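> Got a file for you: target.cif, mmCIF, C-alpha atoms.
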```
data_model
#
loop_
_atom_site.label_atom_id
_atom_site.label_comp_id
_atom_site.auth_asym_id
_atom_site.auth_seq_id
_atom_site.Cartn_x
_atom_site.Cartn_y
_atom_site.Cartn_z
CA MET A 1 9.70 40.14 -47.31
CA GLU A 2 7.10 42.87 -46.81
CA LEU A 3 5.00 41.40 -49.58
CA GLN A 4 5.29 37.95 -48.11
CA ARG A 5 4.05 39.20 -44.77
CA LEU A 6 1.18 40.97 -46.49
CA VAL A 7 0.14 37.82 -48.32
CA PHE A 8 0.51 35.74 -45.17
CA SER A 9 -1.70 38.16 -43.22
CA PHE A 10 -4.42 39.06 -45.68
CA PHE A 11 -4.44 36.33 -48.32
CA ASN A 12 -3.55 33.27 -46.31
CA GLY A 13 -4.74 30.25 -48.31
CA GLU A 14 -4.64 27.90 -45.37
CA VAL A 15 -6.78 30.20 -43.19
CA ALA A 16 -9.09 30.97 -46.11
CA SER A 17 -9.74 27.27 -46.73
CA ARG A 18 -10.88 26.91 -43.11
CA TYR A 19 -13.31 29.81 -43.12
CA TRP A 20 -14.70 30.30 -46.60
CA LEU A 21 -17.71 28.03 -46.04
CA ASP A 22 -18.75 30.08 -43.00
CA ILE A 23 -18.53 33.24 -45.09
CA VAL A 24 -20.66 31.72 -47.85
CA TYR A 25 -23.26 30.76 -45.25
CA GLY A 26 -23.06 34.34 -43.95
CA MET A 27 -23.71 35.62 -47.48
CA TRP A 28 -26.92 33.59 -47.55
CA VAL A 29 -28.05 35.07 -44.21
CA THR A 30 -27.15 38.60 -45.37
CA THR A 31 -29.12 38.07 -48.58
CA TYR A 32 -32.33 36.87 -47.01
CA LEU A 33 -32.15 39.33 -44.14
CA GLY A 34 -31.71 42.10 -46.72
CA ALA A 35 -34.59 40.79 -48.84
CA ALA A 36 -36.88 40.54 -45.82
CA VAL A 37 -36.01 44.10 -44.77
CA VAL A 38 -36.62 45.51 -48.25
CA ALA A 39 -39.96 43.69 -48.62
CA ALA A 40 -41.29 44.76 -45.23
CA GLY A 41 -39.86 48.29 -45.32
CA LEU A 42 -41.13 49.15 -48.80
CA ALA A 43 -44.58 47.67 -48.18
CA ALA A 44 -44.96 49.54 -44.89
CA GLY A 45 -43.59 52.77 -46.39
CA LEU A 46 -45.99 52.64 -49.34
CA ALA A 47 -48.95 51.81 -47.09
CA LEU A 48 -48.12 54.76 -44.80
CA ALA A 49 -47.70 57.16 -47.72
CA MET A 50 -51.07 56.10 -49.16
CA LEU A 51 -52.71 56.45 -45.76
CA ARG A 52 -51.19 59.91 -45.44
CA SER A 53 -52.61 60.95 -48.80
CA PHE A 54 -56.16 60.64 -47.40
CA GLN A 55 -55.17 63.61 -45.23
CA VAL A 56 -56.86 62.58 -42.02
CA LYS A 57 -55.20 64.97 -39.57
CA PRO A 58 -54.40 62.69 -36.58
CA ALA A 59 -53.23 59.83 -38.83
CA SER A 60 -50.99 62.11 -40.89
CA PHE A 61 -49.53 63.59 -37.73
CA LEU A 62 -48.64 60.17 -36.34
CA ILE A 63 -47.10 59.13 -39.66
CA VAL A 64 -44.92 62.26 -39.75
CA VAL A 65 -43.79 61.62 -36.17
CA PHE A 66 -42.96 58.00 -37.04
CA ALA A 67 -41.02 59.02 -40.16
CA ASP A 68 -39.10 61.74 -38.31
CA VAL A 69 -38.17 59.53 -35.38
CA PHE A 70 -36.83 56.68 -37.49
CA ARG A 71 -34.99 59.00 -39.85
CA ALA A 72 -33.32 60.74 -36.92
CA LEU A 73 -32.33 57.63 -34.95
CA PRO A 74 -29.14 55.85 -36.03
CA PRO A 75 -30.12 52.28 -37.09
CA LEU A 76 -27.58 50.76 -34.70
CA VAL A 77 -29.26 52.57 -31.80
CA VAL A 78 -32.64 51.14 -32.82
CA ILE A 79 -31.20 47.62 -33.01
CA ILE A 80 -29.59 47.97 -29.60
CA VAL A 81 -32.70 49.37 -27.96
CA LEU A 82 -34.82 46.55 -29.39
CA PHE A 83 -32.34 43.83 -28.53
CA PHE A 84 -30.86 44.98 -25.21
CA ALA A 85 -33.50 47.24 -23.70
CA PHE A 86 -36.80 45.54 -24.53
CA PRO A 87 -35.99 42.26 -22.74
CA TYR A 88 -36.05 44.23 -19.45
CA VAL A 89 -39.82 44.56 -19.87
CA GLY A 90 -40.27 40.98 -21.02
CA LEU A 91 -40.19 41.73 -24.75
CA ALA A 92 -37.24 39.59 -25.76
CA MET A 93 -36.68 38.89 -29.43
CA SER A 94 -33.99 37.04 -31.34
CA ALA A 95 -31.04 38.96 -32.75
CA PHE A 96 -32.31 38.28 -36.26
CA THR A 97 -35.80 39.59 -35.48
CA ALA A 98 -34.43 42.68 -33.74
CA THR A 99 -32.18 43.52 -36.70
CA TRP A 100 -34.93 42.83 -39.22
CA LEU A 101 -37.48 44.89 -37.31
CA ALA A 102 -35.11 47.81 -36.72
CA LEU A 103 -33.94 48.06 -40.32
CA SER A 104 -37.49 47.61 -41.64
CA LEU A 105 -38.74 50.45 -39.44
CA VAL A 106 -35.93 52.72 -40.66
CA LEU A 107 -36.52 51.81 -44.31
CA ALA A 108 -40.29 52.27 -43.86
CA ALA A 109 -39.70 55.79 -42.51
CA PHE A 110 -37.48 56.81 -45.44
CA ALA A 111 -39.67 55.03 -48.01
CA GLU A 112 -42.79 56.74 -46.65
CA GLU A 113 -41.16 60.15 -47.15
CA ILE A 114 -39.97 59.26 -50.66
CA PHE A 115 -43.34 57.80 -51.75
CA TRP A 116 -45.12 60.79 -50.22
CA ALA A 117 -42.90 63.18 -52.18
CA GLY A 118 -43.69 61.14 -55.30
CA ILE A 119 -47.44 61.28 -54.66
CA LEU A 120 -47.25 65.06 -54.15
CA ALA A 121 -45.30 65.41 -57.39
CA VAL A 122 -48.08 63.84 -59.47
CA HIS A 123 -50.15 66.65 -60.95
CA LYS A 124 -53.42 67.43 -59.19
CA GLY A 125 -55.28 67.23 -62.51
CA GLN A 126 -54.61 63.49 -62.54
CA THR A 127 -56.67 63.01 -59.38
CA GLU A 128 -59.46 65.25 -60.63
CA ALA A 129 -59.61 63.47 -63.98
CA ALA A 130 -59.62 60.03 -62.36
CA ARG A 131 -62.28 61.01 -59.82
CA SER A 132 -64.49 62.48 -62.52
CA THR A 133 -64.48 59.17 -64.41
CA GLY A 134 -66.22 57.71 -61.35
CA MET A 135 -63.24 56.05 -59.67
CA SER A 136 -63.30 55.96 -55.87
CA ARG A 137 -60.53 57.69 -53.93
CA LEU A 138 -58.80 54.40 -53.24
CA GLN A 139 -59.05 53.35 -56.90
CA THR A 140 -57.65 56.72 -57.99
CA LEU A 141 -54.76 56.30 -55.64
CA ALA A 142 -54.03 52.68 -56.55
CA TYR A 143 -54.50 52.81 -60.33
CA VAL A 144 -53.61 56.39 -61.25
CA ILE A 145 -51.48 58.19 -58.68
CA VAL A 146 -49.27 55.48 -57.17
CA PRO A 147 -48.06 54.01 -60.50
CA GLN A 148 -46.92 57.47 -61.64
CA ALA A 149 -45.49 58.33 -58.23
CA VAL A 150 -43.51 55.10 -57.97
CA ARG A 151 -41.78 55.80 -61.27
CA LEU A 152 -40.52 59.11 -59.93
CA THR A 153 -39.28 57.53 -56.74
CA ILE A 154 -37.21 54.72 -58.20
CA PRO A 155 -33.76 56.39 -58.08
CA PRO A 156 -33.95 57.70 -54.49
CA LEU A 157 -35.54 54.44 -53.37
CA THR A 158 -32.77 52.36 -54.95
CA ASN A 159 -30.16 54.38 -53.08
CA ARG A 160 -32.01 53.98 -49.82
CA MET A 161 -32.45 50.26 -50.38
CA ILE A 162 -28.73 49.80 -50.96
CA ALA A 163 -27.95 51.77 -47.83
CA ILE A 164 -30.34 49.74 -45.69
CA THR A 165 -29.28 46.33 -47.01
CA LYS A 166 -25.68 47.28 -46.25
CA GLY A 167 -27.03 47.97 -42.76
CA THR A 168 -27.53 44.22 -42.30
CA ALA A 169 -23.84 44.24 -41.29
CA LEU A 170 -24.98 45.96 -38.08
CA GLY A 171 -26.66 42.69 -37.13
CA SER A 172 -23.20 41.37 -36.28
CA VAL A 173 -23.22 43.62 -33.20
CA VAL A 174 -26.04 41.54 -31.72
CA ALA A 175 -24.52 38.32 -33.16
CA VAL A 176 -26.75 37.70 -36.17
CA HIS A 177 -24.78 35.08 -38.09
CA GLU A 178 -24.20 37.14 -41.22
CA ILE A 179 -20.99 37.77 -43.18
CA ILE A 180 -19.23 40.13 -40.83
CA TYR A 181 -20.05 37.99 -37.80
CA TYR A 182 -18.20 35.01 -39.31
CA ALA A 183 -15.46 37.23 -40.72
CA SER A 184 -14.57 38.92 -37.44
CA SER A 185 -15.00 35.86 -35.22
CA GLY A 186 -12.91 33.91 -37.74
CA ALA A 187 -10.24 36.58 -37.74
CA SER A 188 -9.91 36.60 -33.96
CA GLU A 189 -10.02 32.80 -33.76
CA ALA A 190 -7.28 32.39 -36.38
CA GLY A 191 -5.26 35.40 -35.21
CA ASN A 192 -5.07 36.38 -38.86
CA PRO A 193 -7.16 38.93 -40.79
CA THR A 194 -7.70 36.72 -43.87
CA PRO A 195 -11.34 35.97 -42.89
CA LEU A 196 -11.91 39.75 -42.91
CA THR A 197 -10.55 39.89 -46.46
CA LEU A 198 -12.95 37.10 -47.38
CA GLY A 199 -15.81 38.99 -45.74
CA ALA A 200 -14.90 42.16 -47.61
CA LEU A 201 -14.81 40.22 -50.87
CA ALA A 202 -18.18 38.67 -50.07
CA TYR A 203 -19.71 42.14 -49.66
CA LEU A 204 -18.20 43.29 -52.93
CA VAL A 205 -19.61 40.23 -54.70
CA LEU A 206 -23.07 40.98 -53.30
CA PHE A 207 -23.13 44.76 -53.54
CA LEU A 208 -20.94 45.87 -56.42
CA PRO A 209 -23.47 44.59 -59.00
CA VAL A 210 -26.22 46.39 -57.08
CA VAL A 211 -24.30 49.68 -57.07
CA VAL A 212 -23.52 49.42 -60.77
CA PHE A 213 -27.17 48.52 -61.44
CA SER A 214 -28.26 51.58 -59.46
CA ARG A 215 -26.13 53.80 -61.71
CA TRP A 216 -28.01 52.39 -64.68
CA ILE A 217 -31.36 52.93 -62.91
CA GLU A 218 -30.38 56.50 -62.15
CA THR A 219 -29.82 57.37 -65.80
CA ARG A 220 -32.87 55.36 -66.88
CA PHE A 221 -35.37 56.92 -64.46
CA ALA A 222 -33.62 60.21 -63.77
CA TRP A 223 -35.33 61.96 -60.83
CA LYS A 224 -34.68 65.33 -62.38
CA ARG A 225 -37.00 65.96 -65.31
CA MET B 1 -46.30 50.93 -16.09
CA ASP B 2 -44.17 51.33 -12.96
CA GLN B 3 -41.91 48.61 -14.25
CA ILE B 4 -41.43 50.44 -17.55
CA LEU B 5 -40.56 53.65 -15.71
CA GLU B 6 -38.22 51.69 -13.47
CA VAL B 7 -36.16 50.15 -16.30
CA PHE B 8 -36.54 52.66 -19.15
CA PHE B 9 -36.75 56.04 -17.40
CA ASN B 10 -35.04 55.51 -14.09
CA VAL B 11 -33.99 58.91 -12.71
CA ALA B 12 -31.49 57.51 -10.22
CA VAL B 13 -29.72 55.53 -12.96
CA LEU B 14 -29.82 58.51 -15.29
CA GLU B 15 -28.12 60.67 -12.66
CA ARG B 16 -25.28 58.17 -12.42
CA ALA B 17 -25.08 57.69 -16.19
CA TRP B 18 -25.23 61.34 -17.15
CA PRO B 19 -21.49 62.20 -16.87
CA PHE B 20 -20.68 59.28 -19.19
CA LEU B 21 -23.43 60.16 -21.62
CA TRP B 22 -22.32 63.79 -21.72
CA ARG B 23 -18.72 62.72 -22.37
CA GLY B 24 -20.06 60.50 -25.17
CA VAL B 25 -21.99 63.38 -26.72
CA GLN B 26 -18.78 65.41 -26.80
CA MET B 27 -16.89 62.60 -28.51
CA THR B 28 -19.69 62.14 -31.05
CA PHE B 29 -19.48 65.86 -31.76
CA ALA B 30 -15.69 65.78 -32.06
CA LEU B 31 -15.80 62.85 -34.47
CA SER B 32 -18.52 64.47 -36.59
CA LEU B 33 -16.64 67.76 -36.63
CA VAL B 34 -13.64 65.98 -38.11
CA ILE B 35 -15.42 63.72 -40.58
CA VAL B 36 -18.03 66.07 -42.03
CA PRO B 37 -15.71 68.91 -43.18
CA MET B 38 -13.03 66.49 -44.37
CA GLY B 39 -15.63 64.39 -46.15
CA VAL B 40 -17.11 67.44 -47.87
CA MET B 41 -13.66 68.64 -48.96
CA SER B 42 -12.51 65.29 -50.30
CA GLY B 43 -15.86 64.69 -51.96
CA LEU B 44 -15.57 68.06 -53.64
CA ALA B 45 -12.06 67.19 -54.77
CA VAL B 46 -13.32 63.92 -56.28
CA ALA B 47 -16.10 65.75 -58.12
CA LEU B 48 -13.77 68.48 -59.41
CA LEU B 49 -11.30 65.89 -60.69
CA TYR B 50 -14.18 64.08 -62.35
CA HIS B 51 -15.23 67.32 -63.97
CA LEU B 52 -11.90 67.52 -65.80
CA HIS B 53 -13.39 64.84 -68.09
CA ASN B 54 -10.22 62.84 -68.39
CA LYS B 55 -11.30 59.40 -69.56
CA TRP B 56 -8.90 57.26 -67.54
CA LEU B 57 -9.01 59.44 -64.46
CA ASN B 58 -12.80 59.24 -64.51
CA ARG B 59 -12.76 55.46 -64.68
CA CYS B 60 -10.50 55.37 -61.64
CA LEU B 61 -12.69 57.83 -59.74
CA MET B 62 -15.82 55.88 -60.65
CA ALA B 63 -14.18 52.68 -59.42
CA TYR B 64 -13.14 54.40 -56.18
CA VAL B 65 -16.63 55.75 -55.57
CA ASP B 66 -18.45 52.50 -56.44
CA PHE B 67 -16.02 50.46 -54.39
CA PHE B 68 -16.67 52.41 -51.23
CA ARG B 69 -20.39 52.68 -51.88
CA ALA B 70 -20.61 48.89 -52.15
CA PHE B 71 -18.68 48.40 -48.92
CA PRO B 72 -20.75 48.57 -45.72
CA PRO B 73 -19.02 51.16 -43.50
CA LEU B 74 -18.93 48.71 -40.58
CA VAL B 75 -17.00 46.22 -42.71
CA LEU B 76 -14.57 48.93 -43.74
CA LEU B 77 -14.10 49.97 -40.12
CA LEU B 78 -13.51 46.41 -38.90
CA PHE B 79 -11.17 45.71 -41.80
CA ILE B 80 -9.07 48.80 -41.10
CA TYR B 81 -9.25 48.31 -37.35
CA GLY B 82 -8.33 44.63 -37.53
CA GLY B 83 -6.01 44.80 -40.51
CA LEU B 84 -3.78 47.84 -40.06
CA PRO B 85 -1.83 46.42 -37.10
CA PHE B 86 -0.83 43.51 -39.34
CA LEU B 87 0.69 46.04 -41.73
CA GLY B 88 2.74 47.35 -38.84
CA LEU B 89 0.66 50.54 -38.71
CA ASP B 90 -0.58 51.44 -35.26
CA LEU B 91 -2.90 54.40 -35.62
CA PRO B 92 -4.67 55.84 -32.60
CA LEU B 93 -8.31 54.73 -32.38
CA PHE B 94 -9.66 58.17 -33.28
CA ALA B 95 -7.57 58.22 -36.48
CA THR B 96 -8.58 54.65 -37.41
CA VAL B 97 -12.26 55.45 -37.03
CA ALA B 98 -11.93 58.77 -38.87
CA LEU B 99 -10.03 57.14 -41.75
CA ALA B 100 -12.65 54.41 -42.22
CA PHE B 101 -15.55 56.85 -42.18
CA LEU B 102 -13.73 59.32 -44.39
CA LEU B 103 -13.16 56.75 -47.14
CA ASN B 104 -16.86 55.87 -47.03
CA THR B 105 -18.15 59.42 -46.75
CA SER B 106 -15.96 61.04 -49.38
CA SER B 107 -17.40 58.77 -52.05
CA TYR B 108 -20.95 59.75 -51.13
CA TYR B 109 -20.19 63.47 -51.04
CA GLY B 110 -18.26 62.98 -54.30
CA GLU B 111 -21.30 61.51 -56.04
CA ILE B 112 -23.50 64.33 -54.78
CA PHE B 113 -21.16 67.10 -55.92
CA ARG B 114 -20.69 65.35 -59.27
CA ALA B 115 -24.45 65.35 -59.84
CA GLY B 116 -24.48 69.01 -58.80
CA LEU B 117 -21.75 70.04 -61.24
CA GLU B 118 -23.52 68.16 -64.02
CA SER B 119 -26.80 69.92 -63.26
CA VAL B 120 -25.39 73.34 -64.18
CA PRO B 121 -26.09 74.07 -67.87
CA ALA B 122 -23.08 74.46 -70.17
CA GLY B 123 -24.29 77.94 -71.15
CA GLN B 124 -23.27 79.15 -67.68
CA VAL B 125 -19.65 78.23 -68.33
CA GLU B 126 -19.69 79.79 -71.77
CA ALA B 127 -21.26 83.02 -70.49
CA ALA B 128 -18.83 83.26 -67.59
CA ARG B 129 -15.80 82.54 -69.76
CA SER B 130 -16.88 85.12 -72.33
CA THR B 131 -16.95 87.82 -69.64
CA GLY B 132 -13.24 87.14 -69.21
CA LEU B 133 -13.29 84.94 -66.09
CA SER B 134 -10.60 82.26 -66.02
CA ARG B 135 -11.64 78.61 -65.88
CA TRP B 136 -10.85 78.50 -62.17
CA GLN B 137 -12.78 81.69 -61.47
CA THR B 138 -15.71 80.34 -63.49
CA MET B 139 -15.73 77.22 -61.36
CA VAL B 140 -15.49 79.03 -58.02
CA TRP B 141 -17.80 81.98 -58.67
CA VAL B 142 -20.31 80.66 -61.18
CA ILE B 143 -20.54 76.87 -61.31
CA LEU B 144 -19.96 75.75 -57.73
CA PRO B 145 -22.51 78.05 -56.08
CA GLN B 146 -25.23 76.87 -58.46
CA ALA B 147 -24.15 73.23 -58.21
CA THR B 148 -24.18 73.36 -54.42
CA ARG B 149 -27.60 74.98 -54.35
CA ASN B 150 -29.00 72.34 -56.70
CA VAL B 151 -27.88 69.44 -54.51
CA LEU B 152 -28.30 71.10 -51.12
CA PRO B 153 -30.99 68.64 -49.94
CA ASP B 154 -28.68 65.70 -50.70
CA LEU B 155 -25.71 67.38 -49.05
CA VAL B 156 -27.60 68.04 -45.83
CA GLY B 157 -29.17 64.58 -45.99
CA ASN B 158 -25.78 62.94 -46.32
CA THR B 159 -24.42 64.98 -43.42
CA LEU B 160 -27.24 63.60 -41.30
CA GLU B 161 -26.26 60.09 -42.39
CA VAL B 162 -22.62 60.74 -41.50
CA ILE B 163 -23.49 61.83 -37.98
CA LYS B 164 -25.64 58.73 -37.55
CA LEU B 165 -22.72 56.71 -38.90
CA THR B 166 -20.53 57.69 -35.93
CA THR B 167 -22.51 55.22 -33.79
CA LEU B 168 -20.66 52.38 -35.58
CA ALA B 169 -17.48 53.49 -33.86
CA SER B 170 -18.90 52.00 -30.66
CA VAL B 171 -18.27 48.54 -32.16
CA VAL B 172 -14.50 49.04 -31.89
CA GLY B 173 -14.78 50.60 -28.44
CA PHE B 174 -14.53 54.25 -29.42
CA THR B 175 -16.04 56.11 -26.48
CA GLU B 176 -18.82 57.98 -28.23
CA LEU B 177 -22.40 58.30 -27.01
CA LEU B 178 -23.71 54.83 -27.91
CA ASN B 179 -20.61 53.08 -26.59
CA ASN B 180 -20.77 54.85 -23.24
CA ALA B 181 -24.51 54.26 -22.96
CA ARG B 182 -24.06 50.53 -23.51
CA ASN B 183 -21.25 50.32 -20.98
CA VAL B 184 -23.30 52.07 -18.30
CA GLN B 185 -26.28 49.88 -19.17
CA ALA B 186 -24.17 46.78 -18.55
CA LEU B 187 -22.93 48.19 -15.22
CA THR B 188 -26.34 49.25 -13.90
CA TYR B 189 -28.35 46.40 -15.41
CA ASN B 190 -30.95 48.94 -16.47
CA ALA B 191 -32.06 50.09 -19.92
CA THR B 192 -32.27 53.80 -19.01
CA PRO B 193 -28.82 54.79 -20.36
CA VAL B 194 -29.52 53.30 -23.79
CA VAL B 195 -33.01 54.82 -23.94
CA ALA B 196 -31.54 58.16 -22.87
CA ALA B 197 -28.90 57.90 -25.60
CA ALA B 198 -31.64 57.24 -28.16
CA LEU B 199 -33.51 60.32 -26.92
CA ILE B 200 -30.34 62.43 -27.10
CA TYR B 201 -29.80 61.36 -30.73
CA LEU B 202 -33.42 62.15 -31.44
CA ILE B 203 -33.22 65.62 -29.90
CA LEU B 204 -29.93 66.46 -31.61
CA LEU B 205 -30.80 65.11 -35.06
CA TRP B 206 -34.50 65.88 -35.32
CA PRO B 207 -33.94 69.51 -36.45
CA LEU B 208 -31.67 68.22 -39.20
CA VAL B 209 -34.34 65.74 -40.33
CA ARG B 210 -36.88 68.57 -40.52
CA LEU B 211 -34.43 70.69 -42.51
CA VAL B 212 -33.81 67.86 -44.99
CA SER B 213 -37.55 67.33 -45.39
CA ARG B 214 -38.15 71.02 -46.06
CA LEU B 215 -35.32 71.26 -48.58
CA GLU B 216 -36.48 68.10 -50.36
CA HIS B 217 -40.08 69.25 -50.63
CA LYS B 218 -38.95 72.65 -51.85
CA SER B 219 -36.82 71.08 -54.58
CA ILE B 220 -39.72 68.84 -55.64
CA ALA B 221 -42.08 71.81 -55.70
CA LEU B 222 -39.69 73.58 -58.08
CA ARG B 223 -39.89 70.83 -60.65
#
```
Transcribe the structure of this file into structure tokens.


Amino acid sequence: MELQRLVFSFFNGEVASRYWLDIVYGMWVTTYLGAAVVAAGLAAGLALAMLRSFQVKPASFLIVVFADVFRALPPLVVIIVLFFAFPYVGLAMSAFTATWLALSLVLAAFAEEIFWAGILAVHKGQTEAARSTGMSRLQTLAYVIVPQAVRLTIPPLTNRMIAITKGTALGSVVAVHEIIYYASSGASEAGNPTPLTLGALAYLVLFLPVVVFSRWIETRFAWKR
Amino acid sequence: MDQILEVFFNVAVLERAWPFLWRGVQMTFALSLVIVPMGVMSGLAVALLYHLHNKWLNRCLMAYVDFFRAFPPLVLLLFIYGGLPFLGLDLPLFATVALAFLLNTSSYYGEIFRAGLESVPAGQVEAARSTGLSRWQTMVWVILPQATRNVLPDLVGNTLEVIKLTTLASVVGFTELLNNARNVQALTYNATPVVAAALIYLILLWPLVRLVSRLEHKSIALR
């Protein structure tokens, strides 16, 4: 009896057959939102870290302020400010754009700090050697320092990327049509939590391989020595 | 400019919103004060169990940790919030929220402590045991202090993440800071409460961000 009720509530085939297509569509939205966030966030973070390495005082100061602000603010707060507060001054954006922008800013802040730590960790002799071969500062940075720095930063970056792509679920709060949006609207429409089970499964399908892969990365590029 | 001040930094609105925001800050604190210590304890328990090096136990623990790391915390919260009543379990909202975050958080703290325990060289155990300390004493007095020190940046960093995580509770109507700010924003049709909430988070969490940065740079400098 108990088991039957459990199955009826959480693994209801009839309800699942009505909502699984929505969830699959949500998976697609989650995937490309996540990919767009990772691309923009990493690129911006790397650019900021490289800019910071030129050690121009005012620029470095602004970069530190940016990184601190977006590491301190909860991502959901950033999304809500962008989506609900900015329209008051005529800066309305779609829910998708707001979520993408907010998560990209947060990832950029964390990535900047991680890349910067990586750049600092590359031995000073590397810069001196590269410069003395006649490379410009930018060439030194791009061909000598950054490739070594990036290698060091792979494990912490992977963790941060997983965390931020899971953050795409926050988009549901402003009605981005991703997995959790369909799962919870489906659940309340059907009066049955099976769509939530489907949503949970969808996340496991997307993220479990990533988490397992990150374990492999961690041993492969161990941050410690 | 005046318009921006009017909708983002409106003093009159802030005066009306303040009691709600303050109440929200208290709830955010209360929630964090429950989740952080319980998360640290359960994470430590996971890591200690893992350290027993029992093959099957370790597979289970690994599965537990990976499962909850793959699950977005918001999904977990909505699943527990929406699903538990169907199991005939009616937990109070605070307990529901705490349970969801605890499951998520304990796996992260568990991973961090596990890395910490593994970072202590085996010679430390051998030396401690040969002075006559029991296995338990060795763990408490020799291994754990070093392990904790080695992963301190990650521990503090994760604590920062946990506090930021509490904002998700607003989605299920838990009356913490973000939830209250949004409600007052809807009532006053003015963005000031939400902007103020963002500033409050910034002021409260910025010192922690600085601390994490300092610890991280120190640990990199030691390499």

> Contacts of Thr194 of chain A at 9 Å or less, counting only C-alpha atoms, minus same-chain residues fewer than 3 places along, as a ChimeraX atom specification?

/A:8-13,15-16,19,183,186-187,190,197-199 /B:83

> Care to translate the PyMOL selection byres ((chain A) within 9 of (chain B)) into actual residues of this file, as a PyMOL selection string?

chain A and resi 2+5-6+9-10+68-78+80-81+84-86+88-89+113+117-118+120-121+162-163+165-170+173+180+184+187-188+192-194+196-197+199-200+203-204+206-212+224-225

> For this file, the PyMOL selection byres ((chain A and resi 39-52) around 6) selects which residues, as a PDB file with C-alpha atoms, in the frame of the given file?


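Wrote it out as expr_12.pdb, contents follow:
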```pdb
ATOM      1  CA  ALA A  36     -36.880  40.540 -45.820  1.00  0.00           C
ATOM      2  CA  VAL A  37     -36.010  44.100 -44.770  1.00  0.00           C
ATOM      3  CA  VAL A  38     -36.620  45.510 -48.250  1.00  0.00           C
ATOM      4  CA  SER A  53     -52.610  60.950 -48.800  1.00  0.00           C
ATOM      5  CA  PHE A  54     -56.160  60.640 -47.400  1.00  0.00           C
ATOM      6  CA  GLN A  55     -55.170  63.610 -45.230  1.00  0.00           C
ATOM      7  CA  SER A  60     -50.990  62.110 -40.890  1.00  0.00           C
ATOM      8  CA  SER A 104     -37.490  47.610 -41.640  1.00  0.00           C
ATOM      9  CA  LEU A 107     -36.520  51.810 -44.310  1.00  0.00           C
ATOM     10  CA  ALA A 108     -40.290  52.270 -43.860  1.00  0.00           C
ATOM     11  CA  ALA A 111     -39.670  55.030 -48.010  1.00  0.00           C
ATOM     12  CA  GLU A 112     -42.790  56.740 -46.650  1.00  0.00           C
ATOM     13  CA  PHE A 115     -43.340  57.800 -51.750  1.00  0.00           C
ATOM     14  CA  TRP A 116     -45.120  60.790 -50.220  1.00  0.00           C
TER      15      TRP A 116
END
```

> With the PyMOL selection byres ((chain B and resi 152) around 12) as the selection, what would be picked from this file? Answer as a ChimeraX atom specification, please.

/B:109,112-113,115-116,144-151,153-159,211-219

> Between atom CA of Ser214 of chain A and atom CA of Met62 of chain B, what is the distance, to one decimal in Å?

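Spanning atom CA of Ser214 of chain A to atom CA of Met62 of chain B is a straight-line distance of 13.2 Å.
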
> For Thr158 of chain A, which of A:Val146, A:Leu91, A:Ile217, A:Leu138 is the closest residue, counting only C-alpha atoms?

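Among A:Val146, A:Leu91, A:Ile217, A:Leu138, it is A:Ile217 that comes nearest to Thr158 of chain A.
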
> Find the distance between atom CA of Ile143 of chain B and atom CA of Arg129 of chain B and write it in Å to one decimal.

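Going from atom CA of Ile143 of chain B over to atom CA of Arg129 of chain B covers 11.2 Å.
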
> Counting only C-alpha atoms, what is within 8 Å of Thr96 of chain B, bar same-chain residues fewer than 4 positions away, as a list in words?

Leu77, Ile80, Tyr81, Leu91, Pro92 and Ala100 of chain B

> Taking only C-alpha atoms into account, which of A:Tyr181, A:Trp28, A:Phe83, A:Trp20 comes nearest Trp100 of chain A?

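Among the listed residues, the smallest separation from Trp100 of chain A belongs to A:Phe83.
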
> To one decimal place in Å, what is the distance between atom CA of Ile179 of chain A and atom CA of Ile23 of chain A?

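These two atoms are separated by 5.5 Å.
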
> Taking all atoms listed in the file into account, produce a table as a tab-separated table in which each residue of segment 103-214 of chain B with an atom at most 7 Å from an atom of segment 39-59 of chain B appears once, together with its shortest atom pair and the distance in Å to one decimal, ordered by chain and rising number.


```
residue	atom	partner	partner_atom	distance
B:Thr105	CA	B:Gly39	CA	5.6
B:Ser106	CA	B:Gly43	CA	4.5
B:Ser107	CA	B:Gly43	CA	6.1
B:Tyr109	CA	B:Gly43	CA	4.6
B:Gly110	CA	B:Gly43	CA	3.8
B:Phe113	CA	B:Ala47	CA	5.7
B:Arg114	CA	B:Ala47	CA	4.7
```

> Can you work out which one of A:Val205, A:Val144, A:Ala59, A:Ala109 has the shortest atom-to-atom distance to Lys124 of chain A, counting all atoms listed in the file?

A:Val144

> May I ask which of the residues B:Glu111, B:Glu126, B:Glu176, B:Glu15 is the closest one to Ala30 of chain B, counting all atoms listed in the file?

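Of B:Glu111, B:Glu126, B:Glu176, B:Glu15, the one nearest Ala30 of chain B, counting all atoms listed in the file, is B:Glu176.
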
> Can you pull out the residues contacting Val25 of chain B? Cut-off 8 Å, using only C-alpha atoms, and skip same-chain residues under 3 positions away; I want them as number ranges by chain.

B: 21-22, 28-29, 176-177

> Using only C-alpha atoms, find the one residue out of A:Asp22, A:Ala142, A:Phe110, A:Glu178 that sits nearest to Ile63 of chain A.

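When distances to Ile63 of chain A are compared using only C-alpha atoms, the smallest one comes from A:Phe110.
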